[in-house]
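**Q** Below you'll find the structure I mean.
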Amino acid sequence: MQQPRFLDDVTRTELSRTGFQLTSDLEFLGSRSDAGIDRQVAFAVRMPAARVRPFLEAAGFDAPLKAGQRVFQTPVEGVDTAAAGQVSAAQDILRTESGSLTRDVMVIHEDAGTAIVHVWAYTT
């Protein structure tokens, strides 16, 4: 099991631009940001499985998750999306005042009644 990482205010602000709010009851697993022609922000959090749907809904993410579907993007360090057994994923577009973000979400369902939610948000 990975050690939880510290979520500083700068990172929290950057991640909130994805529409997702990271609250203290979530275990922050890490984040990554890449910028070039496009910009991508990725992060992963662990939470009780029952909390996944409310977390997604609060971010306005209403695309239905498809069981067995994966996201083939580079995960944050320490989260192995390729080896995950039970997964579901979906994609939507978040429209904001400054443009739009494509958001890919992959949920890794863990045995202990918990889930890892991995989000990739990017401009194109």
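The way I read the labels, and the way they are meant: chains A, B, ... in the order of the structure tokens, residue 1 as the first residue of every chain, and ligand 1 as the first ligand shown, with later ones counted on from there.
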Hey, what's within 10 Å of Ala35 (chain A) if we count only C-alpha atoms and toss same-chain stuff fewer than 5 positions away? As a list in words, please?
**A**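 In the requested form, the answer reads Gln40, Val41, Tyr122 and Thr123 of chain A.
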**Q** Could those residues be written to a file, using C-alpha atoms, as a PDB file, in the first residue's frame?
**A**
```pdb
ATOM      1  CA  GLN A  40      -3.080  17.789 -18.561  1.00  0.00           C
ATOM      2  CA  VAL A  41      -3.683  17.371 -14.863  1.00  0.00           C
ATOM      3  CA  TYR A 122      -6.868  17.887 -20.326  1.00  0.00           C
ATOM      4  CA  THR A 123      -7.339  20.563 -22.911  1.00  0.00           C
TER       5      THR A 123
END
```
**Q** How would you write, as a PDB file with N, CA and C atoms, in the first residue's frame, the set of residues in region 7-97 of chain A that DSSP gives as strand (DSSP E)?
**A**
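For reference, out31.pdb as written:
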```
ATOM      1  N   GLU A  27      -8.333   9.951   0.644  1.00  0.00           N
ATOM      2  CA  GLU A  27      -6.893   9.711   0.738  1.00  0.00           C
ATOM      3  C   GLU A  27      -6.256  10.118  -0.589  1.00  0.00           C
ATOM      4  N   PHE A  28      -5.502  11.190  -0.565  1.00  0.00           N
ATOM      5  CA  PHE A  28      -4.839  11.703  -1.761  1.00  0.00           C
ATOM      6  C   PHE A  28      -3.631  10.824  -2.069  1.00  0.00           C
ATOM      7  N   LEU A  29      -3.599  10.236  -3.278  1.00  0.00           N
ATOM      8  CA  LEU A  29      -2.523   9.323  -3.654  1.00  0.00           C
ATOM      9  C   LEU A  29      -1.448   9.976  -4.513  1.00  0.00           C
ATOM     10  N   GLY A  30      -1.760  11.104  -5.109  1.00  0.00           N
ATOM     11  CA  GLY A  30      -0.760  11.802  -5.900  1.00  0.00           C
ATOM     12  C   GLY A  30      -1.363  12.535  -7.076  1.00  0.00           C
ATOM     13  N   SER A  31      -0.541  13.376  -7.694  1.00  0.00           N
ATOM     14  CA  SER A  31      -0.993  14.135  -8.858  1.00  0.00           C
ATOM     15  C   SER A  31       0.191  14.388  -9.782  1.00  0.00           C
ATOM     16  N   ARG A  32      -0.144  14.775 -10.982  1.00  0.00           N
ATOM     17  CA  ARG A  32       0.856  15.085 -11.989  1.00  0.00           C
ATOM     18  C   ARG A  32       0.278  16.144 -12.905  1.00  0.00           C
ATOM     19  N   SER A  33       1.131  17.023 -13.395  1.00  0.00           N
ATOM     20  CA  SER A  33       0.693  18.077 -14.301  1.00  0.00           C
ATOM     21  C   SER A  33       1.687  18.169 -15.439  1.00  0.00           C
ATOM     22  N   ASP A  34       1.193  18.213 -16.663  1.00  0.00           N
ATOM     23  CA  ASP A  34       2.040  18.348 -17.851  1.00  0.00           C
ATOM     24  C   ASP A  34       1.497  19.499 -18.689  1.00  0.00           C
ATOM     25  N   ALA A  35       2.405  20.302 -19.221  1.00  0.00           N
ATOM     26  CA  ALA A  35       1.980  21.414 -20.064  1.00  0.00           C
ATOM     27  C   ALA A  35       2.852  21.455 -21.312  1.00  0.00           C
ATOM     28  N   ARG A  39      -2.620  20.950 -22.072  1.00  0.00           N
ATOM     29  CA  ARG A  39      -2.321  20.874 -20.643  1.00  0.00           C
ATOM     30  C   ARG A  39      -3.087  19.715 -20.055  1.00  0.00           C
ATOM     31  N   GLN A  40      -2.414  18.904 -19.227  1.00  0.00           N
ATOM     32  CA  GLN A  40      -3.080  17.789 -18.561  1.00  0.00           C
ATOM     33  C   GLN A  40      -2.779  17.820 -17.072  1.00  0.00           C
ATOM     34  N   VAL A  41      -3.807  17.537 -16.296  1.00  0.00           N
ATOM     35  CA  VAL A  41      -3.683  17.371 -14.863  1.00  0.00           C
ATOM     36  C   VAL A  41      -4.248  15.991 -14.556  1.00  0.00           C
ATOM     37  N   ALA A  42      -3.520  15.222 -13.769  1.00  0.00           N
ATOM     38  CA  ALA A  42      -3.984  13.898 -13.371  1.00  0.00           C
ATOM     39  C   ALA A  42      -3.857  13.779 -11.861  1.00  0.00           C
ATOM     40  N   PHE A  43      -4.800  13.084 -11.237  1.00  0.00           N
ATOM     41  CA  PHE A  43      -4.708  12.828  -9.808  1.00  0.00           C
ATOM     42  C   PHE A  43      -5.456  11.550  -9.473  1.00  0.00           C
ATOM     43  N   ALA A  44      -5.130  11.000  -8.316  1.00  0.00           N
ATOM     44  CA  ALA A  44      -5.800   9.790  -7.840  1.00  0.00           C
ATOM     45  C   ALA A  44      -6.093   9.934  -6.354  1.00  0.00           C
ATOM     46  N   VAL A  45      -7.268   9.451  -5.958  1.00  0.00           N
ATOM     47  CA  VAL A  45      -7.684   9.453  -4.558  1.00  0.00           C
ATOM     48  C   VAL A  45      -8.316   8.104  -4.229  1.00  0.00           C
ATOM     49  N   ARG A  46      -8.200   7.698  -2.967  1.00  0.00           N
ATOM     50  CA  ARG A  46      -8.857   6.490  -2.475  1.00  0.00           C
ATOM     51  C   ARG A  46     -10.000   6.926  -1.563  1.00  0.00           C
ATOM     52  N   MET A  47     -11.101   6.190  -1.657  1.00  0.00           N
ATOM     53  CA  MET A  47     -12.278   6.521  -0.854  1.00  0.00           C
ATOM     54  C   MET A  47     -13.110   5.266  -0.633  1.00  0.00           C
ATOM     55  N   PRO A  48     -14.057   5.312   0.308  1.00  0.00           N
ATOM     56  CA  PRO A  48     -14.989   4.198   0.422  1.00  0.00           C
ATOM     57  C   PRO A  48     -15.761   4.051  -0.891  1.00  0.00           C
ATOM     58  N   LYS A  66     -18.545   2.563 -17.362  1.00  0.00           N
ATOM     59  CA  LYS A  66     -18.725   1.287 -18.060  1.00  0.00           C
ATOM     60  C   LYS A  66     -17.795   0.256 -17.438  1.00  0.00           C
ATOM     61  N   ALA A  67     -18.379  -0.807 -16.892  1.00  0.00           N
ATOM     62  CA  ALA A  67     -17.599  -1.862 -16.252  1.00  0.00           C
ATOM     63  C   ALA A  67     -16.631  -2.479 -17.253  1.00  0.00           C
ATOM     64  N   GLN A  86     -10.716  -5.197 -11.232  1.00  0.00           N
ATOM     65  CA  GLN A  86     -12.089  -4.752 -11.444  1.00  0.00           C
ATOM     66  C   GLN A  86     -12.099  -3.234 -11.631  1.00  0.00           C
ATOM     67  N   VAL A  87     -12.405  -2.796 -12.852  1.00  0.00           N
ATOM     68  CA  VAL A  87     -12.352  -1.376 -13.176  1.00  0.00           C
ATOM     69  C   VAL A  87     -13.607  -0.936 -13.917  1.00  0.00           C
ATOM     70  N   SER A  88     -13.808   0.364 -13.937  1.00  0.00           N
ATOM     71  CA  SER A  88     -14.844   0.981 -14.769  1.00  0.00           C
ATOM     72  C   SER A  88     -14.334   2.364 -15.138  1.00  0.00           C
ATOM     73  N   ALA A  89     -14.834   2.897 -16.262  1.00  0.00           N
ATOM     74  CA  ALA A  89     -14.331   4.192 -16.726  1.00  0.00           C
ATOM     75  C   ALA A  89     -15.368   4.897 -17.591  1.00  0.00           C
ATOM     76  N   ALA A  90     -15.157   6.192 -17.750  1.00  0.00           N
ATOM     77  CA  ALA A  90     -16.010   7.012 -18.621  1.00  0.00           C
ATOM     78  C   ALA A  90     -15.275   8.307 -18.924  1.00  0.00           C
ATOM     79  N   GLN A  91     -15.828   9.062 -19.870  1.00  0.00           N
ATOM     80  CA  GLN A  91     -15.249  10.341 -20.275  1.00  0.00           C
ATOM     81  C   GLN A  91     -16.372  11.363 -20.425  1.00  0.00           C
ATOM     82  N   ASP A  92     -16.086  12.602 -20.049  1.00  0.00           N
ATOM     83  CA  ASP A  92     -17.025  13.691 -20.306  1.00  0.00           C
ATOM     84  C   ASP A  92     -16.240  14.942 -20.657  1.00  0.00           C
ATOM     85  N   ILE A  93     -16.958  16.023 -20.895  1.00  0.00           N
ATOM     86  CA  ILE A  93     -16.332  17.319 -21.168  1.00  0.00           C
ATOM     87  C   ILE A  93     -16.906  18.332 -20.188  1.00  0.00           C
ATOM     88  N   LEU A  94     -16.018  19.012 -19.482  1.00  0.00           N
ATOM     89  CA  LEU A  94     -16.400  20.063 -18.546  1.00  0.00           C
ATOM     90  C   LEU A  94     -16.195  21.392 -19.239  1.00  0.00           C
ATOM     91  N   ARG A  95     -17.270  22.160 -19.376  1.00  0.00           N
ATOM     92  CA  ARG A  95     -17.182  23.482 -19.997  1.00  0.00           C
ATOM     93  C   ARG A  95     -17.070  24.527 -18.885  1.00  0.00           C
ATOM     94  N   THR A  96     -16.055  25.379 -19.003  1.00  0.00           N
ATOM     95  CA  THR A  96     -15.821  26.416 -18.004  1.00  0.00           C
ATOM     96  C   THR A  96     -15.721  27.763 -18.701  1.00  0.00           C
TER      97      THR A  96
END
```
**Q** Please provide the set of residues having any atom within 12 Å of Ser16 (chain A), restricted to only C-alpha atoms, with same-chain residues fewer than 6 positions apart removed, written as a count of residues only.
**A** 12
